[in-house]
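Trainee: I have a structure I would like to understand better, so I am pasting it below and will then ask my questions one at a time.
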There are 2 protein chains.
Amino acid sequence: MKKIPESTVGRLSLYLRLLDELAVDGPPTLSSEELAGRAGTTAAQVRKDLSFFGTFGKRGLGYSVAQLASALRTILGLERRWRVALVGAGQIGKALIGYRDFERQGFGIEAVFDSDPAKIGQRWQDLEVRGACELEAVLRDGIDIVIVAVPAEAAQGVVDRVVASGVRAVLNFAPTKLRVPEGVAVKSVNMAVELESLSYALVHDAAAQRSRRLS
Amino acid sequence: MKKIPESTVGRLSLYLRLLDELAVDGPPTLSSEELAGRAGTTAAQVRKDLSFFGTFGKRGLGYSVAQLASALRTILGLERRWRVALVGAGQIGKALIGYRDFERQGFGIEAVFDSDPAKIGQRWQDLEVRGACELEAVLRDGIDIVIVAVPAEAAQGVVDRVVASGVRAVLNFAPTKLRVPEGVAVKSVNMAVELESLSYALVHDAAAQRSRRLS
DNA sequence: GTAGCTTTGTGACCGCTTTCACAAGCGTCC
DNA sequence: GGACGCTTGTGAAAGCGGTCACAAAGCTAC
């Protein structure tokens, strides 16, 4: 299979969400044009994204909402349940545990870890917070994805242990760049970077608008 | 000024964080090579990123950690304090409010809104949760950035009101694509997309490794 | 069956980001 | 003060993702 752009995968995920919304009340079929409108992209982009994986539409008609959604689920690997562990029982961790949408989408958080003795043993929803020393044992028991929600200083150490335990997918909330070996997927959610990009946009746009006003 | 790639801005933010770490205990100077190593990119990339904004290094020597950090703060607009409001007093909102790093970096959350009458009037840290009806009035009072942390269905409606109130920067946590007029910056943090990309990587890599084993 | 309208799938093109490669500049050592 | 080593800054080349445009294909009407 050819190389798929990372951005394409992200868009497929978005398309799927839009299709799921439409499935309940919308028409049974839609065009690339309509899907693009909802997704904030272009019809050509939608068709190109899908064409990497096969042909899903009918010319002159568009795509079946149900069939395309099903195909995207297969492509994204969402037909099975993924076993997830959370490392770091702080504020972010708590928000994630409470976010029941994950379970509904097939991502089940099965364990929570923290190194703070005061937190170990606490019950979070239906999970007990476990000590960091148990990490390897639990991860080796078939965990697919680890969410890292610890302070930046601790993140690389945690991810090293996670990778050594055979986990090959990490979702990182620590505001730092993680180094992992080939074959391990890392996705980062970095709110600090996003906020600072907004800051940049604000000072940059302000300057642009000022010069526009002068001309 | 020329067009700056979005990805460059994100990396500058990362460089700044790395420099701040080094400032406390590291050497007073470093090369693009060293910075690139820590940032997970290449030396050429670092130099190109910086070259968009001027020249900050000394040939043969590298960059002064303190001076470069200061320059990046200016570029990113982090020398001033930004006034932030949070819309949506759910789990994510609570985590964000508790995340005191934001304040330290110059992003001060000054108001929290929710539409749930049961939440209005609650005290969160030192803030009182306000009703959605007060939104416009407060935003017009000099709020620079709004964080949207409401359910996906409500997000577009909120952002429309936010934009109408003159705010030009939005950080979106709702798992949906927001439509905003020209001149408004939106950054999205979409955990669902990230998780599904990991799911894709897992099924995709598994296939890749299988075929590698066969060959 | 065929004319006409619609919409897909895709190769070619385009523009932007990254990488490459090297001349220019700075400090050091003798 | 001159030679040497190191590192920057930057034009040029390469690579990649996005857009365009159109032939192919399906559906409807008559």
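Chain labels A, B, ... are given in the sequence in which chains occur in the structure tokens; within each chain residues are numbered consecutively from 1, and ligands are likewise numbered from 1 in the order shown.
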Would you mind listing what lies within 12 Å of range 3-19 of chain C as a ChimeraX atom specification, with only C-alpha atoms (C1' of nucleotides) counted and same-chain residues fewer than 6 positions away left out?
Mentor: /A:30-34,43-63 /B:3-8,41-49 /D:12-30
Trainee: Could you save those same residues with C-alpha atoms (C1' of nucleotides) as a tab-separated table (two decimals), in the first residue's frame?
Mentor:
```
chain	number	residue	atom	x	y	z
A	30	LEU	CA	-24.42	12.29	0.05
A	31	SER	CA	-21.94	13.72	-2.44
A	32	SER	CA	-18.28	14.51	-1.90
A	33	GLU	CA	-19.31	18.14	-2.26
A	34	GLU	CA	-21.69	17.95	0.71
A	43	ALA	CA	-14.75	17.88	-2.79
A	44	ALA	CA	-11.55	16.92	-4.57
A	45	GLN	CA	-9.83	16.48	-1.23
A	46	VAL	CA	-12.54	14.17	0.02
A	47	ARG	CA	-12.39	12.03	-3.10
A	48	LYS	CA	-8.60	11.89	-3.06
A	49	ASP	CA	-8.57	10.90	0.61
A	50	LEU	CA	-10.97	8.05	-0.05
A	51	SER	CA	-9.27	6.96	-3.26
A	52	PHE	CA	-6.20	5.91	-1.30
A	53	PHE	CA	-8.24	3.06	0.11
A	54	GLY	CA	-10.54	2.04	-2.72
A	55	THR	CA	-13.71	3.20	-4.41
A	56	PHE	CA	-16.71	3.75	-2.21
A	57	GLY	CA	-19.09	5.94	-4.22
A	58	LYS	CA	-21.41	5.60	-7.16
A	59	ARG	CA	-20.86	8.05	-10.01
A	60	GLY	CA	-23.76	10.38	-10.49
A	61	LEU	CA	-25.09	9.49	-7.05
A	62	GLY	CA	-22.51	9.97	-4.34
A	63	TYR	CA	-21.79	7.85	-1.29
B	3	LYS	CA	4.22	34.00	4.80
B	4	ILE	CA	5.27	31.87	7.73
B	5	PRO	CA	4.32	28.17	7.73
B	6	GLU	CA	1.99	27.18	10.52
B	7	SER	CA	4.32	24.33	11.38
B	8	THR	CA	7.18	26.75	11.87
B	41	THR	CA	13.94	17.78	13.99
B	42	THR	CA	16.98	18.71	11.91
B	43	ALA	CA	19.54	21.47	12.28
B	44	ALA	CA	18.62	22.89	8.88
B	45	GLN	CA	15.00	23.05	9.94
B	46	VAL	CA	15.86	24.97	13.08
B	47	ARG	CA	17.96	27.48	11.18
B	48	LYS	CA	15.34	27.91	8.46
B	49	ASP	CA	12.60	28.43	11.03
D	12	DA	C1'	18.55	25.87	-4.89
D	13	DA	C1'	16.64	21.19	-5.28
D	14	DA	C1'	13.65	17.73	-3.77
D	15	DG	C1'	9.55	15.90	-1.93
D	16	DC	C1'	4.85	15.95	-0.59
D	17	DG	C1'	0.25	17.20	-0.08
D	18	DG	C1'	-3.53	19.74	-2.34
D	19	DT	C1'	-5.99	21.34	-6.36
D	20	DC	C1'	-7.62	21.00	-11.05
D	21	DA	C1'	-9.82	19.21	-14.75
D	22	DC	C1'	-11.74	15.63	-17.30
D	23	DA	C1'	-12.93	10.98	-18.90
D	24	DA	C1'	-15.79	7.31	-17.21
D	25	DA	C1'	-19.95	5.81	-15.22
D	26	DG	C1'	-24.44	5.82	-13.32
D	27	DC	C1'	-29.23	7.51	-13.09
D	28	DT	C1'	-33.57	9.66	-15.14
D	29	DA	C1'	-36.74	10.93	-18.60
D	30	DC	C1'	-38.87	10.11	-22.67
```
Trainee: Do me a favour and pick out the residues of chain B within 6 Å of chain A, using only C-alpha atoms, as a PyMOL selection string.
Mentor: chain B and resi 10+13+76-77+91-92+95+193+199-200+203
Trainee: Skipping near chain neighbours, those fewer than 3 positions away, what residues fall within 8 Å of Ala69 in chain A using only C-alpha atoms (C1' of nucleotides), listed as a ChimeraX atom specification?
Mentor: /A:16,19-20,65-66,72-73
Trainee: For Leu86 in chain B, find every residue with an atom within 8 Å (counting only C-alpha atoms (C1' of nucleotides)), except residues of its own chain fewer than 4 positions away, and show them as a list in words.
Mentor: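 Once the adjacent positions are removed, what remains is Gly93, Ile109, Ala111, Val112, Phe113, Val146, Ile147, Val148 and Ala149 of chain B.
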Trainee: Write out as a PyMOL selection string all residues of range 12-154 of chain A that DSSP puts in strand (DSSP E or B) for this structure's backbone.
Mentor: chain A and resi 29-30+57-58+62-64+82-87+107-114+123-124+127-131+145-148
Trainee: Among range 25-188 of chain B, which ones does DSSP place in helix (DSSP H, G or I), written as a VMD selection string?
Mentor: chain B and resid 25 32 to 39 43 to 51 65 to 76 91 to 98 101 to 104 132 to 140 152 to 164
Trainee: CA of Ala89 in chain B to CA of Asp114 in chain B: how many Å, to one decimal?
Mentor: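 Atom-to-atom, CA of Ala89 in chain B and CA of Asp114 in chain B are spaced 5.5 Å apart.
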Trainee: Define the interface residues of chain D facing chain B as those within 12 Å, counting only C-alpha atoms (C1' of nucleotides), and report them as a list in words.
Mentor: DC4, DG5, DC6, DT7, DT8, DG9, DT10 and DG11 of chain D
Trainee: Export, as a CSV table (one decimal), in the first residue's frame, the selected residues with N, CA and C atoms (P, O5', C5', C4', C3', O3' and C1' of nucleotides).
Mentor:
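So the final result, stored in again-v2.csv, reads:
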```csv
chain,number,residue,atom,x,y,z
D,4,DC,P,45.6,25.7,7.4
D,4,DC,O5',44.7,25.2,8.6
D,4,DC,C5',45.2,25.4,9.9
D,4,DC,C4',44.0,25.1,10.9
D,4,DC,C3',42.9,24.2,10.2
D,4,DC,O3',42.5,23.3,11.2
D,4,DC,C1',42.0,26.3,11.0
D,5,DG,P,41.5,22.0,10.7
D,5,DG,O5',40.3,22.1,11.8
D,5,DG,C5',40.6,22.6,13.1
D,5,DG,C4',39.3,23.0,13.7
D,5,DG,C3',38.1,22.2,13.3
D,5,DG,O3',37.2,22.0,14.4
D,5,DG,C1',37.7,24.5,12.8
D,6,DC,P,36.0,21.0,14.3
D,6,DC,O5',34.8,21.9,14.7
D,6,DC,C5',34.9,22.9,15.7
D,6,DC,C4',33.9,24.0,15.5
D,6,DC,C3',32.5,23.4,15.2
D,6,DC,O3',31.6,23.9,16.1
D,6,DC,C1',33.1,25.2,13.7
D,7,DT,P,30.1,23.3,16.3
D,7,DT,O5',29.3,24.4,15.5
D,7,DT,C5',29.3,25.7,16.1
D,7,DT,C4',28.5,26.7,15.2
D,7,DT,C3',27.2,26.1,14.7
D,7,DT,O3',26.2,27.0,14.9
D,7,DT,C1',28.5,26.9,12.9
D,8,DT,P,24.6,26.7,14.4
D,8,DT,O5',24.4,28.1,13.6
D,8,DT,C5',24.8,29.3,14.2
D,8,DT,C4',24.9,30.3,13.1
D,8,DT,C3',23.6,30.6,12.4
D,8,DT,O3',23.4,32.0,12.3
D,8,DT,C1',25.3,30.0,10.8
D,9,DG,P,22.0,32.7,12.1
D,9,DG,O5',21.9,32.8,10.5
D,9,DG,C5',22.7,33.8,9.9
D,9,DG,C4',22.6,33.7,8.4
D,9,DG,C3',21.2,33.8,7.9
D,9,DG,O3',21.2,34.6,6.7
D,9,DG,C1',22.3,31.8,7.1
D,10,DT,P,19.9,34.9,5.9
D,10,DT,O5',20.0,34.0,4.6
D,10,DT,C5',21.1,34.1,3.8
D,10,DT,C4',21.0,33.2,2.6
D,10,DT,C3',19.5,33.0,2.1
D,10,DT,O3',19.6,32.9,0.7
D,10,DT,C1',20.3,30.9,2.7
D,11,DG,P,18.9,34.1,-0.2
D,11,DG,O5',18.8,33.5,-1.6
D,11,DG,C5',19.9,33.5,-2.5
D,11,DG,C4',20.2,32.2,-3.0
D,11,DG,C3',19.1,31.6,-4.0
D,11,DG,O3',19.8,31.2,-5.2
D,11,DG,C1',19.5,30.0,-2.3
```
Trainee: For CA of Val159 in chain B and CA of Lys119 in chain B, quote the distance in Å rounded to one decimal.
Mentor: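 Taking CA of Val159 in chain B and CA of Lys119 in chain B, their separation equals 20.5 Å.
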